[in-house]
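Undergrad: Got a structure for you, written out below as structure tokens; questions coming shortly.
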Amino acid sequence: MKRAVSSIRSRDVAHLAAAATAPSPAAAEAWDGRFRLHKPRGQHLLTNPRVLDAIVRRAALRPGDAVLEVGPGTGNLTVRLLESPAARVSAVEIDPRMVDAVTARVDALGLAHKLTVIRADAVEAEFPEFDVCVANIPYGISSPLIAKLLFGPYRFRAATLLLQKEFARRLVAAPGDSEYNRLAANVRMVADARLLMDVSKRDFVPMPKVDSSLVEIRPRAAEPNVDLAEWLAFTRSCFGQKNKTLGAIFKQKRKVLELFRRSRCAEERCDGNANAGGGSRLIALGGGDDDGDMSDGDSNEGHDGAPSFSEEEVAVFKAKIAGALETCELAGKRPSKLSNDELLRLLKLLNEQGVRFQ
Ligand code: SAH
């Protein structure tokens, strides 16, 4: 446990309250060591004022904007957001010590009227309405947070997020790139994402092991012409083993049986969650270091061990899948090389054949 917390206690001595009124911006960012920073909570404070200024500049805030910040920490980014043309900031913070720290700092600056701090887990909390999200988030929640932003009920102009560099590269990757994965395919379906700048790990206290990148995600105005819950379940199936060909993936007995069950369930409407479009299933975008969670978790044995279908039925179903793959000539292709249009065409053909993924 000891390794999990930062032991810097007396590194920079400017106290936050004093720093709030101090003229030097660098002093305000300094960490005074009043409490320990928890690495598992992603508590790495961004302390380089030039980088903090650049983030707010790149966020291009407009007068009247409502800003959502996730994980304000001691408020290094928050105070700049409050000093911008934006009308107000809602900051969601899980750690009560951070809630107190940012509240005290903003009070001392006389900016409290523009700030609402919500003490909650940002993955669970319902966000207030916002136009833009600007945040140096805890990297551990990158994937569920982006899923929540893009596939939840929120309508916003842009999210400007500081992310782990490798994660950011995967997020903006294009089909055929070595980093291209399910996360990128899902994000591409509804948004445009681009890299804005890289940020060194040396700009944080305590210094993390990884470098960071600032990314802008812009949701597209037009909704895609697909059932998003079905699409997300489909990409979970395809990208679980992204280096296998689709033909090989959809030939596997386990996979075929699993899809057979799901399809039958959807058909008979026996799955109570079949139509839960905005449910928690949407919160898994596949953004981790690997997509293994999508390939090895599902047991295809019936709960009572007794299958309620014949082998013949399954064989017919398997042939339908193979037929769809043949029709769109994708059996020999790997999912990570395909555009969303190609994948979408396959999904539509499979759906027409009664193959359902959720
Ligand atoms: N944005 C600040 C702090 C970044 S550290 C800065 O740039 O200096 C990440 C912050 O997110 C910490 O304050 C941590 O307590 C908070 N945090 C961690 N997990 C969270 C969660 N699930 N929901 C909301 N806040 C979280």
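Please note that chains go A, B, ... in the order of the structure tokens, that every chain numbers its residues from 1, and that ligands are numbered from 1 in the order shown.
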When the cut-off is 9 Å and you count only C-alpha atoms and all ligand atoms, which residues lie near ligand 1, shown as a PyMOL selection string?

TA: chain A and resi 29+37-47+52+69-78+91-99+118-125+135-141+145+162+204-205

Undergrad: What residues in stretch 30-110 of chain A get the DSSP label strand (DSSP E or B)? Please answer as a PyMOL selection string.

TA: chain A and resi 38+45-46+66-70+88-93

Undergrad: Write the residues of the selection above to a file with N, CA, C and O atoms, as an mmCIF file, in the first residue's frame.

TA:
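Resulting contents of part_3.cif:
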```cif
data_model
loop_
_atom_site.group_PDB
_atom_site.id
_atom_site.type_symbol
_atom_site.label_atom_id
_atom_site.label_comp_id
_atom_site.auth_asym_id
_atom_site.auth_seq_id
_atom_site.Cartn_x
_atom_site.Cartn_y
_atom_site.Cartn_z
ATOM 1 N N HIS A 38 -2.961 9.961 -3.995
ATOM 2 C CA HIS A 38 -3.179 8.532 -4.221
ATOM 3 C C HIS A 38 -3.016 8.192 -5.692
ATOM 4 O O HIS A 38 -3.834 8.582 -6.517
ATOM 5 N N LEU A 45 -1.060 15.719 -10.299
ATOM 6 C CA LEU A 45 -1.485 17.102 -10.568
ATOM 7 C C LEU A 45 -0.646 17.685 -11.695
ATOM 8 O O LEU A 45 0.578 17.532 -11.719
ATOM 9 N N LEU A 46 -1.316 18.329 -12.604
ATOM 10 C CA LEU A 46 -0.615 18.982 -13.709
ATOM 11 C C LEU A 46 -0.136 20.341 -13.199
ATOM 12 O O LEU A 46 -0.952 21.172 -12.787
ATOM 13 N N ALA A 66 -21.110 26.254 -20.781
ATOM 14 C CA ALA A 66 -21.098 25.474 -19.541
ATOM 15 C C ALA A 66 -20.022 24.408 -19.710
ATOM 16 O O ALA A 66 -20.035 23.655 -20.682
ATOM 17 N N VAL A 67 -19.084 24.375 -18.764
ATOM 18 C CA VAL A 67 -17.950 23.454 -18.868
ATOM 19 C C VAL A 67 -18.117 22.333 -17.850
ATOM 20 O O VAL A 67 -18.508 22.574 -16.708
ATOM 21 N N LEU A 68 -17.800 21.123 -18.282
ATOM 22 C CA LEU A 68 -17.730 19.986 -17.361
ATOM 23 C C LEU A 68 -16.267 19.638 -17.171
ATOM 24 O O LEU A 68 -15.536 19.438 -18.149
ATOM 25 N N GLU A 69 -15.821 19.592 -15.917
ATOM 26 C CA GLU A 69 -14.465 19.118 -15.640
ATOM 27 C C GLU A 69 -14.563 17.848 -14.798
ATOM 28 O O GLU A 69 -15.368 17.778 -13.870
ATOM 29 N N VAL A 70 -13.761 16.866 -15.135
ATOM 30 C CA VAL A 70 -13.747 15.610 -14.375
ATOM 31 C C VAL A 70 -12.425 15.526 -13.617
ATOM 32 O O VAL A 70 -11.360 15.630 -14.221
ATOM 33 N N ARG A 88 -19.801 29.043 -16.750
ATOM 34 C CA ARG A 88 -19.752 28.299 -15.496
ATOM 35 C C ARG A 88 -19.057 26.955 -15.675
ATOM 36 O O ARG A 88 -18.941 26.460 -16.809
ATOM 37 N N VAL A 89 -18.619 26.414 -14.555
ATOM 38 C CA VAL A 89 -17.905 25.133 -14.561
ATOM 39 C C VAL A 89 -18.569 24.203 -13.539
ATOM 40 O O VAL A 89 -18.836 24.612 -12.411
ATOM 41 N N SER A 90 -18.831 22.968 -13.961
ATOM 42 C CA SER A 90 -19.240 21.923 -13.021
ATOM 43 C C SER A 90 -18.091 20.939 -12.948
ATOM 44 O O SER A 90 -17.638 20.435 -13.987
ATOM 45 N N ALA A 91 -17.606 20.684 -11.745
ATOM 46 C CA ALA A 91 -16.445 19.802 -11.591
ATOM 47 C C ALA A 91 -16.842 18.594 -10.750
ATOM 48 O O ALA A 91 -17.370 18.748 -9.653
ATOM 49 N N VAL A 92 -16.593 17.404 -11.304
ATOM 50 C CA VAL A 92 -16.964 16.168 -10.605
ATOM 51 C C VAL A 92 -15.696 15.559 -10.002
ATOM 52 O O VAL A 92 -14.762 15.209 -10.729
ATOM 53 N N GLU A 93 -15.667 15.446 -8.679
ATOM 54 C CA GLU A 93 -14.459 14.988 -7.982
ATOM 55 C C GLU A 93 -14.834 13.944 -6.941
ATOM 56 O O GLU A 93 -15.759 14.143 -6.157
#
```

Undergrad: Rank A:Val51, A:Ala158, A:Ala324, A:Leu350 by their smallest atom-to-atom distance to A:Lys201, using only C-alpha atoms, and report the top residue only.

TA: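 Closest to A:Lys201, using only C-alpha atoms: A:Val51.
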
Undergrad: From the set A:Arg157, A:Arg236, A:Lys114, A:Arg182, which residue has the shortest atom-to-atom contact distance to A:Ala221, counting only C-alpha atoms?

TA: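 Looking at the shortest contact to A:Ala221, the residue is A:Arg157.
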
Undergrad: Which residue out of A:Ala322, A:Ser308, A:Val226, A:Ser237 has the minimum interatomic distance to A:Lys251 when only C-alpha atoms are used?

TA: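 Ranking A:Ala322, A:Ser308, A:Val226, A:Ser237 by distance to A:Lys251, first place goes to A:Ala322.
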
Undergrad: Which residues are close to A:Arg262, i.e. within 8 Å by only C-alpha atoms, leaving aside same-chain residues fewer than 6 positions away? Reply as a list of chain:residue names.

TA: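 Final neighbour list, sorted by chain and number: A:Arg356, A:Phe357, A:Gln358.
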
Undergrad: Please provide the set of residues having any atom within 6 Å of A:Val134, restricted to only C-alpha atoms, with same-chain residues fewer than 4 positions apart removed, written as a ChimeraX atom specification.

TA: /A:69,159-161

Undergrad: Create the file for the chosen residues now, containing C-alpha atoms and written as an mmCIF file, in the first residue's frame.

TA:
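Now in result_29.cif:
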```cif
data_model
loop_
_atom_site.group_PDB
_atom_site.id
_atom_site.type_symbol
_atom_site.label_atom_id
_atom_site.label_comp_id
_atom_site.auth_asym_id
_atom_site.auth_seq_id
_atom_site.Cartn_x
_atom_site.Cartn_y
_atom_site.Cartn_z
ATOM 1 C CA GLU A 69 -14.465 19.118 -15.640
ATOM 2 C CA ALA A 159 -14.357 17.207 -25.154
ATOM 3 C CA THR A 160 -10.734 18.291 -24.722
ATOM 4 C CA LEU A 161 -9.105 15.641 -22.582
#
```

Undergrad: Of the residues A:Arg254, A:Arg345, A:Arg58, A:Lys333, which is the one nearest to A:Val314, using only C-alpha atoms?

TA: A:Arg254

Undergrad: Among stretch 75-256 of chain A, which ones does DSSP assign to alpha helix (DSSP H) (computed from the backbone)? Answer as a PyMOL selection string.

TA: chain A and resi 76-83+96-108+142-151+165-172+182-190+228-239+246-249+253-256

Undergrad: Neighbouring residues of stretch 169-175 of chain A were defined as those with any atom within 12 Å, considering only C-alpha atoms; residues of the same chain fewer than 3 positions away were excluded. Please report them as number ranges by chain.

TA: A: 142-143, 146-147, 161-166, 178-189, 191-198, 211-218, 242, 285-290, 333-343

Undergrad: Closest to A:Asp65 among A:Leu246, A:Cys133, A:Val117, A:Val106, using only C-alpha atoms?

TA: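 Of A:Leu246, A:Cys133, A:Val117, A:Val106, the one nearest A:Asp65 is A:Cys133, counting only C-alpha atoms.
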
Undergrad: One decimal, in Å: what's the spacing between atom CA of A:Leu344 and atom CA of A:Pro219?

TA: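 Value for the atom CA of A:Leu344-atom CA of A:Pro219 distance: 18.8 Å.
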
Undergrad: Between atom CA of A:Phe127 and atom CA of A:Ala101, what is the spacing in Å?

TA: 21.2 Å

Undergrad: Between A:Arg36, A:Glu329, A:Leu115, A:Ser84, which residue has the minimum interatomic distance to A:Arg57, considering only C-alpha atoms?

TA: A:Ser84
